[in-house]
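Engineer: The structure file input-v4.txt (compact mmCIF, C-alpha atoms and all ligand atoms) is provided below.
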```txt
# COMPACT_ATOMS: atom_id res chain seq x y z
CA MET R 7 50.01 15.29 -111.18
CA ARG R 8 51.11 17.62 -113.96
CA GLU R 9 54.82 18.01 -114.52
CA LEU R 10 56.38 20.74 -116.57
CA THR R 11 59.45 22.86 -116.99
CA PHE R 12 59.57 26.30 -118.54
CA PHE R 13 62.97 27.83 -119.17
CA MET R 14 63.45 31.17 -120.91
CA PRO R 15 66.43 33.02 -119.45
CA THR R 16 66.67 35.75 -122.14
CA ARG R 17 65.95 39.27 -120.95
CA VAL R 18 63.52 40.72 -123.48
CA VAL R 19 63.37 44.46 -124.13
CA PHE R 20 60.61 45.31 -126.61
CA GLY R 21 59.55 48.73 -127.88
CA GLN R 22 60.46 51.83 -129.77
CA ASP R 23 64.15 52.80 -129.82
CA VAL R 24 65.07 50.16 -127.22
CA VAL R 25 68.62 49.84 -128.55
CA LYS R 26 69.28 53.54 -128.25
CA LYS R 27 67.64 53.61 -124.84
CA ALA R 28 69.91 50.77 -123.68
CA GLY R 29 72.83 53.15 -124.06
CA ASP R 30 76.01 51.85 -122.52
CA GLY R 31 73.97 48.97 -121.07
CA LEU R 32 74.09 47.41 -124.54
CA ALA R 33 77.68 46.25 -124.05
CA LEU R 34 78.06 42.91 -122.26
CA GLY R 35 81.84 42.97 -122.21
CA ARG R 36 84.98 44.65 -123.36
CA LYS R 37 84.96 43.85 -127.05
CA ALA R 38 82.03 42.77 -129.24
CA LEU R 39 81.94 40.62 -132.33
CA ILE R 40 79.07 42.19 -134.26
CA VAL R 41 77.51 39.52 -136.47
CA THR R 42 75.30 40.44 -139.42
CA GLY R 43 74.31 39.38 -142.91
CA GLN R 44 75.10 41.54 -145.89
CA THR R 45 72.16 43.94 -145.96
CA SER R 46 69.40 43.92 -143.34
CA ALA R 47 71.43 45.12 -140.36
CA ARG R 48 72.36 48.26 -142.29
CA LYS R 49 69.14 48.77 -144.20
CA SER R 50 66.98 48.42 -141.09
CA GLY R 51 68.97 51.05 -139.21
CA ALA R 52 69.76 48.55 -136.44
CA LEU R 53 73.52 48.58 -137.02
CA ASP R 54 73.60 52.39 -136.93
CA ASP R 55 71.65 52.39 -133.67
CA VAL R 56 74.04 49.86 -132.15
CA LEU R 57 77.13 51.78 -133.22
CA SER R 58 75.66 55.06 -131.96
CA VAL R 59 75.45 53.81 -128.36
CA LEU R 60 78.06 51.08 -128.15
CA THR R 61 80.80 51.77 -125.68
CA GLY R 62 84.00 49.79 -125.92
CA ASP R 63 85.61 48.09 -128.83
CA TYR R 64 84.08 45.95 -131.56
CA VAL R 65 84.89 44.09 -134.74
CA LEU R 66 82.34 43.51 -137.50
CA PHE R 67 81.67 40.16 -139.16
CA ASP R 68 79.12 40.92 -141.90
CA ARG R 69 79.51 37.80 -143.99
CA VAL R 70 76.79 35.53 -142.64
CA GLU R 71 75.27 33.65 -145.56
CA ASN R 72 71.60 32.90 -146.03
CA ASN R 73 71.09 29.51 -144.40
CA PRO R 74 74.61 29.49 -142.92
CA THR R 75 76.94 26.51 -142.94
CA GLY R 76 79.26 25.44 -140.14
CA GLU R 77 82.24 26.74 -142.14
CA ASN R 78 80.66 30.17 -142.37
CA CYS R 79 80.23 30.17 -138.57
CA LEU R 80 83.78 28.96 -138.08
CA GLU R 81 85.00 31.99 -140.00
CA GLY R 82 83.23 34.33 -137.58
CA ALA R 83 84.43 32.34 -134.58
CA GLU R 84 88.04 32.56 -135.77
CA LEU R 85 87.68 36.33 -136.01
CA ALA R 86 86.25 36.47 -132.47
CA LYS R 87 89.23 34.47 -131.21
CA LYS R 88 91.80 36.50 -133.09
CA GLU R 89 90.31 39.78 -131.88
CA ASN R 90 89.73 38.57 -128.31
CA CYS R 91 86.03 39.34 -128.40
CA ASP R 92 84.26 38.48 -125.16
CA TYR R 93 80.64 38.80 -126.33
CA ILE R 94 78.56 38.91 -129.52
CA ILE R 95 75.98 41.34 -130.83
CA ALA R 96 73.88 39.57 -133.48
CA ILE R 97 71.75 41.70 -135.80
CA GLY R 98 69.49 40.36 -138.53
CA GLY R 99 67.04 37.64 -139.45
CA GLY R 100 67.29 33.99 -138.50
CA SER R 101 70.54 33.36 -140.37
CA PRO R 102 72.76 35.91 -138.53
CA LEU R 103 71.11 35.16 -135.18
CA ASP R 104 71.57 31.41 -135.53
CA ALA R 105 75.10 31.78 -136.92
CA ALA R 106 76.03 33.99 -133.98
CA LYS R 107 75.01 31.25 -131.56
CA VAL R 108 77.26 28.74 -133.31
CA MET R 109 80.11 31.26 -133.38
CA ALA R 110 79.58 31.87 -129.65
CA VAL R 111 80.22 28.17 -129.02
CA LEU R 112 83.05 27.70 -131.53
CA ALA R 113 84.91 30.76 -130.22
CA VAL R 114 85.50 29.06 -126.86
CA ASN R 115 85.41 25.36 -127.71
CA ASP R 116 88.04 23.65 -129.79
CA LYS R 117 85.61 21.77 -131.98
CA LYS R 118 84.52 21.40 -135.57
CA PRO R 119 80.99 22.65 -136.33
CA LEU R 120 79.63 19.13 -136.91
CA GLU R 121 80.93 18.03 -133.50
CA LEU R 122 78.59 20.53 -131.84
CA TYR R 123 75.71 18.10 -132.47
CA GLY R 124 77.32 16.02 -129.72
CA GLY R 125 77.49 18.98 -127.31
CA TRP R 126 80.27 21.19 -125.97
CA GLU R 127 82.01 21.88 -122.66
CA ASN R 128 82.74 25.57 -122.34
CA GLN R 129 80.03 28.17 -121.81
CA PRO R 130 79.47 30.08 -125.10
CA LEU R 131 80.11 33.82 -125.35
CA PRO R 132 77.09 35.84 -124.20
CA ILE R 133 74.90 37.18 -127.01
CA VAL R 134 72.86 40.34 -127.53
CA ALA R 135 70.24 39.53 -130.20
CA ILE R 136 68.54 42.19 -132.32
CA PRO R 137 66.07 40.77 -134.86
CA THR R 138 65.36 42.66 -138.08
CA THR R 139 62.68 40.25 -139.29
CA ALA R 140 59.54 39.06 -137.52
CA GLY R 141 59.54 35.32 -137.85
CA THR R 142 62.46 33.34 -136.54
CA GLY R 143 62.07 34.04 -132.82
CA SER R 144 65.72 32.97 -132.57
CA GLU R 145 66.35 35.84 -130.15
CA VAL R 146 64.50 33.84 -127.48
CA THR R 147 65.38 30.25 -128.38
CA PRO R 148 68.27 27.92 -127.54
CA TYR R 149 68.44 26.69 -131.16
CA ALA R 150 70.57 27.32 -134.20
CA VAL R 151 69.84 25.74 -137.56
CA LEU R 152 72.77 24.98 -139.84
CA THR R 153 72.91 23.91 -143.47
CA LEU R 154 74.76 20.60 -143.64
CA HIS R 155 75.99 19.81 -147.15
CA GLU R 156 77.25 16.48 -145.78
CA GLU R 157 73.66 15.46 -145.06
CA GLU R 158 72.03 17.56 -147.80
CA THR R 159 69.68 19.26 -145.35
CA LYS R 160 69.29 21.82 -142.61
CA LYS R 161 69.53 20.59 -139.06
CA GLY R 162 68.98 22.27 -135.71
CA LEU R 163 71.32 22.11 -132.77
CA GLY R 164 70.62 23.43 -129.35
CA GLY R 165 71.64 23.75 -125.74
CA PRO R 166 70.31 25.66 -122.74
CA ASP R 167 73.30 28.01 -122.85
CA LEU R 168 72.44 29.09 -126.42
CA PHE R 169 69.64 31.42 -125.33
CA PRO R 170 70.83 34.98 -126.00
CA ARG R 171 71.53 36.91 -122.79
CA VAL R 172 69.41 39.89 -123.95
CA ALA R 173 67.08 40.51 -126.89
CA TYR R 174 66.21 43.99 -128.10
CA LEU R 175 63.11 44.05 -130.30
CA ASP R 176 62.15 47.22 -132.12
CA PRO R 177 59.41 46.89 -134.77
CA LYS R 178 60.88 49.79 -136.75
CA TYR R 179 63.72 47.51 -137.89
CA THR R 180 61.17 45.40 -139.78
CA ALA R 181 59.43 48.38 -141.42
CA SER R 182 61.42 48.26 -144.65
CA LEU R 183 60.93 44.54 -145.30
CA PRO R 184 59.31 43.84 -148.68
CA ARG R 185 55.82 42.36 -148.73
CA GLN R 186 56.84 38.78 -149.58
CA VAL R 187 59.66 38.69 -147.01
CA THR R 188 57.19 39.95 -144.42
CA ILE R 189 54.76 37.18 -145.36
CA ASP R 190 57.42 34.45 -145.51
CA THR R 191 58.77 35.34 -142.08
CA ALA R 192 55.31 35.90 -140.59
CA VAL R 193 54.32 32.39 -141.62
CA ASP R 194 57.44 31.05 -139.88
CA ALA R 195 56.23 32.78 -136.70
CA LEU R 196 52.76 31.30 -137.15
CA SER R 197 54.21 27.87 -137.70
CA HIS R 198 56.18 28.11 -134.45
CA LEU R 199 53.06 29.12 -132.54
CA VAL R 200 50.80 26.52 -134.11
CA GLU R 201 53.33 23.69 -134.16
CA GLY R 202 54.11 24.41 -130.50
CA TYR R 203 50.45 24.48 -129.51
CA LEU R 204 49.67 21.29 -131.42
CA SER R 205 52.89 19.52 -130.42
CA ASN R 206 52.72 16.51 -128.16
CA ARG R 207 55.24 18.33 -125.95
CA ALA R 208 52.95 21.29 -125.28
CA THR R 209 52.44 22.19 -121.63
CA PRO R 210 49.98 24.56 -119.93
CA ALA R 211 52.81 27.10 -119.73
CA SER R 212 53.80 26.86 -123.40
CA ASP R 213 50.09 26.91 -124.37
CA PHE R 214 49.66 30.17 -122.48
CA VAL R 215 52.33 31.78 -124.63
CA ALA R 216 51.29 30.12 -127.91
CA LEU R 217 47.62 31.03 -127.60
CA GLN R 218 48.40 34.67 -126.97
CA GLY R 219 50.77 34.65 -129.94
CA ILE R 220 48.22 33.03 -132.27
CA ALA R 221 45.65 35.69 -131.34
CA VAL R 222 48.14 38.51 -131.92
CA TRP R 223 49.17 36.97 -135.27
CA GLY R 224 45.51 36.61 -136.25
CA ALA R 225 45.03 40.36 -135.91
CA THR R 226 47.54 40.87 -138.74
CA ILE R 227 45.75 38.68 -141.31
CA PRO R 228 44.02 41.61 -143.09
CA ALA R 229 47.40 43.37 -143.42
CA LEU R 230 49.09 40.19 -144.68
CA ARG R 231 46.33 39.75 -147.25
CA ALA R 232 46.58 43.36 -148.38
CA GLY R 233 50.37 43.33 -148.31
CA GLN R 234 50.43 46.66 -146.49
CA PHE R 235 51.58 47.08 -142.94
CA THR R 236 51.12 49.81 -140.36
CA MET R 237 53.59 50.13 -137.50
CA GLU R 238 50.97 48.44 -135.31
CA ASP R 239 50.94 45.45 -137.67
CA ARG R 240 54.74 45.37 -137.57
CA GLU R 241 54.59 45.46 -133.78
CA ASN R 242 52.07 42.62 -133.67
CA LEU R 243 54.13 40.49 -136.04
CA LEU R 244 57.31 41.02 -134.04
CA LEU R 245 55.50 40.23 -130.80
CA ALA R 246 53.95 37.10 -132.33
CA SER R 247 57.39 36.06 -133.59
CA MET R 248 58.89 36.45 -130.13
CA LEU R 249 56.04 34.50 -128.53
CA GLY R 250 56.53 31.81 -131.17
CA GLY R 251 60.20 31.59 -130.24
CA ILE R 252 59.38 31.27 -126.55
CA THR R 253 56.88 28.53 -127.44
CA ILE R 254 59.24 26.36 -129.49
CA ALA R 255 62.00 26.91 -126.95
CA GLN R 256 59.77 24.71 -124.75
CA THR R 257 58.17 22.36 -127.28
CA GLY R 258 60.44 22.17 -130.32
CA THR R 259 58.90 22.15 -133.79
CA THR R 260 57.09 19.34 -135.61
CA PHE R 261 56.84 17.73 -139.04
CA VAL R 262 56.14 21.07 -140.71
CA HIS R 263 59.74 22.11 -140.13
CA ALA R 264 61.05 18.65 -140.96
CA LEU R 265 59.29 18.71 -144.35
CA GLY R 266 60.23 22.32 -144.98
CA TYR R 267 63.99 21.80 -144.74
CA PRO R 268 64.38 19.95 -148.10
CA LEU R 269 62.40 22.68 -149.85
CA THR R 270 64.92 25.19 -148.57
CA TYR R 271 67.95 23.02 -149.20
CA PHE R 272 67.05 21.74 -152.69
CA HIS R 273 64.64 24.39 -153.97
CA ASP R 274 65.80 27.63 -152.34
CA TYR R 275 62.49 28.19 -150.65
CA PRO R 276 62.82 30.72 -147.83
CA HIS R 277 62.28 28.94 -144.51
CA GLY R 278 58.88 30.42 -143.65
CA ARG R 279 57.50 29.79 -147.14
CA ALA R 280 58.69 26.20 -146.96
CA ASN R 281 56.75 25.78 -143.72
CA GLY R 282 53.75 27.50 -145.28
CA VAL R 283 53.53 24.74 -147.89
CA PHE R 284 52.63 22.24 -145.17
CA MET R 285 50.74 24.32 -142.60
CA ALA R 286 47.25 23.52 -143.86
CA SER R 287 48.04 19.80 -144.00
CA TYR R 288 49.46 19.98 -140.49
CA LEU R 289 46.17 21.36 -139.18
CA GLU R 290 44.19 18.77 -141.17
CA TYR R 291 46.40 15.91 -139.96
CA THR R 292 46.34 17.04 -136.33
CA ASN R 293 42.57 17.46 -136.53
CA GLU R 294 42.41 13.65 -136.48
CA HIS R 295 44.27 13.55 -133.17
CA ALA R 296 43.39 16.74 -131.28
CA PRO R 297 40.35 18.36 -132.95
CA GLU R 298 39.66 20.65 -130.00
CA ARG R 299 43.12 22.17 -130.30
CA VAL R 300 42.78 22.73 -134.03
CA GLU R 301 39.41 24.37 -133.44
CA THR R 302 41.00 26.73 -130.90
CA VAL R 303 43.69 27.73 -133.40
CA LEU R 304 41.08 28.54 -136.06
CA GLU R 305 38.94 30.47 -133.57
CA LEU R 306 41.86 32.59 -132.40
CA LEU R 307 42.87 33.34 -135.97
CA ASP R 308 39.25 34.11 -136.78
CA VAL R 309 39.44 31.72 -139.72
CA PRO R 310 36.12 29.82 -140.08
CA SER R 311 37.30 26.39 -141.25
CA LEU R 312 40.22 24.21 -142.29
CA GLU R 313 39.34 24.91 -145.92
CA ALA R 314 39.47 28.64 -145.24
CA PHE R 315 42.88 28.21 -143.62
CA ARG R 316 44.16 26.43 -146.72
CA GLU R 317 42.76 29.24 -148.86
CA LEU R 318 44.55 31.80 -146.68
CA MET R 319 47.90 30.05 -147.16
CA ASN R 320 47.25 29.75 -150.92
CA GLU R 321 46.46 33.44 -151.06
CA LEU R 322 49.59 34.49 -149.15
CA PHE R 323 51.76 32.31 -151.41
CA ALA R 324 49.74 32.80 -154.60
CA ASP R 325 52.85 33.52 -156.67
CA PHE R 326 54.42 30.21 -155.69
CA VAL R 327 51.64 27.63 -155.39
CA GLY R 328 52.16 24.76 -157.84
CA LYS R 329 55.56 26.04 -158.94
CA LEU R 330 57.67 23.35 -157.31
CA HIS R 331 58.60 20.54 -159.62
CA VAL R 332 59.66 17.50 -157.69
CA GLY R 333 59.54 13.94 -158.98
CA GLU R 334 57.85 11.15 -157.02
CA GLU R 335 61.15 9.48 -156.20
CA ARG R 336 62.51 12.65 -154.68
CA ILE R 337 59.37 13.10 -152.64
CA ARG R 338 59.81 9.67 -151.12
CA ALA R 339 63.43 10.54 -150.27
CA TYR R 340 62.34 13.80 -148.61
CA ALA R 341 59.76 11.90 -146.56
CA GLU R 342 62.30 9.30 -145.50
CA LYS R 343 64.74 11.96 -144.39
CA ALA R 344 62.07 13.91 -142.53
CA ALA R 345 60.89 10.75 -140.78
CA GLN R 346 64.33 10.42 -139.17
CA THR R 347 64.10 13.81 -137.45
CA ARG R 348 63.10 14.38 -133.87
CA ASN R 349 60.64 17.06 -135.02
CA VAL R 350 58.40 14.39 -136.54
CA THR R 351 58.13 12.54 -133.24
CA TYR R 352 56.90 15.75 -131.59
CA SER R 353 53.86 15.78 -133.90
CA ARG R 354 50.65 14.34 -132.44
CA GLY R 355 49.97 11.04 -134.16
CA THR R 356 53.61 10.85 -135.31
CA PRO R 357 53.25 10.37 -139.09
CA THR R 358 54.87 7.44 -140.91
CA VAL R 359 56.98 7.72 -144.07
CA ASP R 360 53.87 6.86 -146.11
CA GLN R 361 51.84 9.55 -144.42
CA LEU R 362 54.62 12.11 -144.89
CA THR R 363 54.90 11.11 -148.54
CA LYS R 364 51.20 11.70 -148.99
CA ILE R 365 51.41 15.12 -147.31
CA LEU R 366 54.32 16.06 -149.60
CA LYS R 367 52.45 14.87 -152.69
CA ASP R 368 49.21 16.63 -151.68
CA ASN R 369 51.02 19.93 -151.41
CA ILE R 370 53.68 19.75 -154.10
CA LEU R 371 52.54 17.58 -157.01
FE FE D 401 61.13 28.12 -138.12
```
Here is a file; write its structure as structure tokens.

Structural biologist:
Amino acid sequence: MRELTFFMPTRVVFGQDVVKKAGDGLALGRKALIVTGQTSARKSGALDDVLSVLTGDYVLFDRVENNPTGENCLEGAELAKKENCDYIIAIGGGSPLDAAKVMAVLAVNDKKPLELYGGWENQPLPIVAIPTTAGTGSEVTPYAVLTLHEEETKKGLGGPDLFPRVAYLDPKYTASLPRQVTIDTAVDALSHLVEGYLSNRATPASDFVALQGIAVWGATIPALRAGQFTMEDRENLLLASMLGGITIAQTGTTFVHALGYPLTYFHDYPHGRANGVFMASYLEYTNEHAPERVETVLELLDVPSLEAFRELMNELFADFVGKLHVGEERIRAYAEKAAQTRNVTYSRGTPTVDQLTKILKDNIL
């Protein structure tokens, strides 16, 4: 008999002006720690919307770094403690959303950030999540990814109480994103959907979400190619991103994410672009283990073949293909590090260090 669990406790509110419409329902407590990066919360208009309806007190922490470290999160958590904040409003892309989750834990648990990988006791502060990019899906996942200088990589941590309490998704917040940021983040969303669908942890319930998301994402391919986006495209990308988040909340990610982390850590590749480097190889590799699933992905995207999928990725990242310069020794080290991650074991036909090395070489050298 089939066995599965499906857990997604975040209340999702999606549509135009949802933050404003939430009104005083936006507040989850007496005093909010508002967590943002340096620009997108303001530029997108999301912070203004929040402040226009927020009742009660708040304090702003707008110093989340790109690819945040534990220390950066600790800084926000200290502020939450000092100001007696009892909930968090996180506004931004993956970095502020993930950092807010770590702050939510650190604010009520006397632990160092690295210790969180071993778990925590006290229930984190509740979080309102408002994404301003369409890619991370963090608003509906129980994960946060931190940059660990100690281990020279990025590493995810998670727990069922890290799902935000509520997520407000308004496509208008993504309208001002530049073309390449839109593409980078969109490919992160696609990677969540495809990795989840092709993962060996996929279930009929996660498939249901992933397949819908892949189809919605596929409808945006002409816009991604052209680099011009209508509000309907923005809506589709945000929806696909959310569905991708719900998918990986069930399945986790696979070797695409594991191989992408060193490109972000050592080469400053934005997360989605780093995944994009390996997406075509992921489909080709998985085609050896679950060809019917790969065929379904291509059909839903309306991409005729694996070669055409590789061409699509090359086209979206045309300015970057072949620009990474990594020596063979480094590549082996990246493969060895990736092989130690759990993500790799979630890939069908769990690749060995040699196979990962080959995938890295095929796409980087
Ligand atoms: Fe991701």

Engineer: Check the smallest atom-to-atom distance from each of R:Thr191, R:Ser46, R:Ser197, R:Ser287 to Ile136 (chain R) using only C-alpha atoms, then report the winner.

Structural biologist: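 Closest to Ile136 (chain R) of all the choices is R:Ser46.
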
Engineer: Can I get the residues close to ligand FE 401 (chain D) as a ChimeraX atom specification, where close means within 12 Å and we count only C-alpha atoms and all ligand atoms?

Structural biologist: /R:73,99-101,104,140-144,147,149-151,160-162,190-202,247-248,250-251,253-255,258-267,270,276-282,285,349

Engineer: Select, counting all atoms listed in the file, all protein, DNA and RNA residues no farther than 10 Å from (79.3, 52.0, -122.8) in file coordinates, and express the selection as an MDAnalysis selection string.

Structural biologist: chainID R and resid 28:36 59:63

Engineer: Could you tell me how far CA of Glu238 (chain R) sits from CA of Ala286 (chain R), in Å to one decimal place?

Structural biologist: 26.6 Å

Engineer: Dump as a list in words all residues having an atom at most 7 Å from (80.1, 35.0, -121.5), computed in the file's coordinates with only C-alpha atoms.

Structural biologist: Asp92, Tyr93, Gln129, Pro130, Leu131 and Pro132 of chain R

Engineer: Using all atoms listed in the file, which of the listed residues (R:Ala246, R:Ala110, R:Ala135, R:Leu304) sits closest to Asp167 (chain R)?

Structural biologist: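 Checking each candidate against Asp167 (chain R), we get R:Ala110 as the closest.
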
Engineer: So how far away is CA of Leu10 (chain R) from CA of Gln256 (chain R), in Å?

Structural biologist: 9.7 Å

Engineer: One decimal, in Å: what's the spacing between CA of Leu152 (chain R) and CA of Gly328 (chain R)?

Structural biologist: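 If I compute the distance from CA of Leu152 (chain R) to CA of Gly328 (chain R), I get 27.4 Å.
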
Engineer: Any idea what's packed within 12 Å of Glu156 (chain R), counting all atoms listed in the file, ignoring anything in its chain fewer than 2 positions away? Could you give it as an NGL selection string?

Structural biologist: :R and (75-77 or 119-120 or 152-154 or 158-161 or 271)

Engineer: Env of region 300-303 of chain R: 8 Å cut, atoms = only C-alpha atoms, seq-sep filter 3 positions within chain, self excluded. Answer as a PyMOL selection string.

Structural biologist: chain R and resi 200+204+217+220+289+292-293+296-297+306-307

Engineer: What's around Leu66 (chain R) at 7 Å? Count all atoms listed in the file, leave out sequence neighbours fewer than 2 positions away in its own chain, and write the answer as a PyMOL selection string.

Structural biologist: chain R and resi 39-41+64+68

Engineer: Go through R:Ala47, R:Val222, R:Ile227, R:Leu249 one by one, measure the shortest atom-to-atom distance of each to Met14 (chain R) using all atoms listed in the file, and give the residue with the smallest value.

Structural biologist: R:Leu249

Engineer: Calculated over all atoms listed in the file, which of the candidates R:Leu230, R:Met7, R:Leu269, R:Ala345 has the smallest distance to Leu322 (chain R)?

Structural biologist: R:Leu230

Engineer: Which residues are close to Ala229 (chain R), i.e. within 12 Å by all atoms listed in the file, leaving aside same-chain residues fewer than 2 positions away? Reply as a short mmCIF file (atom, residue, chain, number, x, y, z; two decimals) with C-alpha atoms, in the frame of the given file.

Structural biologist:
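Final output, saved to out02.cif:
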```cif
data_model
loop_
_atom_site.label_atom_id
_atom_site.label_comp_id
_atom_site.auth_asym_id
_atom_site.auth_seq_id
_atom_site.Cartn_x
_atom_site.Cartn_y
_atom_site.Cartn_z
CA ARG R 185 55.82 42.36 -148.73
CA THR R 188 57.19 39.95 -144.42
CA ILE R 189 54.76 37.18 -145.36
CA ALA R 192 55.31 35.90 -140.59
CA TRP R 223 49.17 36.97 -135.27
CA GLY R 224 45.51 36.61 -136.25
CA ALA R 225 45.03 40.36 -135.91
CA THR R 226 47.54 40.87 -138.74
CA ILE R 227 45.75 38.68 -141.31
CA ARG R 231 46.33 39.75 -147.25
CA ALA R 232 46.58 43.36 -148.38
CA GLY R 233 50.37 43.33 -148.31
CA GLN R 234 50.43 46.66 -146.49
CA PHE R 235 51.58 47.08 -142.94
CA THR R 236 51.12 49.81 -140.36
CA MET R 237 53.59 50.13 -137.50
CA GLU R 238 50.97 48.44 -135.31
CA ASP R 239 50.94 45.45 -137.67
CA ARG R 240 54.74 45.37 -137.57
CA ASN R 242 52.07 42.62 -133.67
CA LEU R 243 54.13 40.49 -136.04
CA LEU R 322 49.59 34.49 -149.15
#
```

Engineer: Any chance you could work out the axis-aligned box around region 16-21 of chain R, listed atoms only, 4 Å on each side, giving centre and edge lengths in Å to one decimal, as lines of an AutoDock Vina configuration file?

Structural biologist:
```
center_x = 63.1
center_y = 42.2
center_z = -124.4
size_x = 15.1
size_y = 21.0
size_z = 14.9
```

Engineer: I want to know what sits within 9 Å of Tyr340 (chain R), based on all atoms listed in the file, with residues of the same chain fewer than 2 positions away left out; could you give that as a count of residues only?

Structural biologist: 14

Engineer: Which residue gives the smallest distance to Arg8 (chain R) among R:Val327, R:Ala211, R:Ile365, R:Val332, with only C-alpha atoms counted?

Structural biologist: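 Result for the nearest residue to Arg8 (chain R): R:Ala211.
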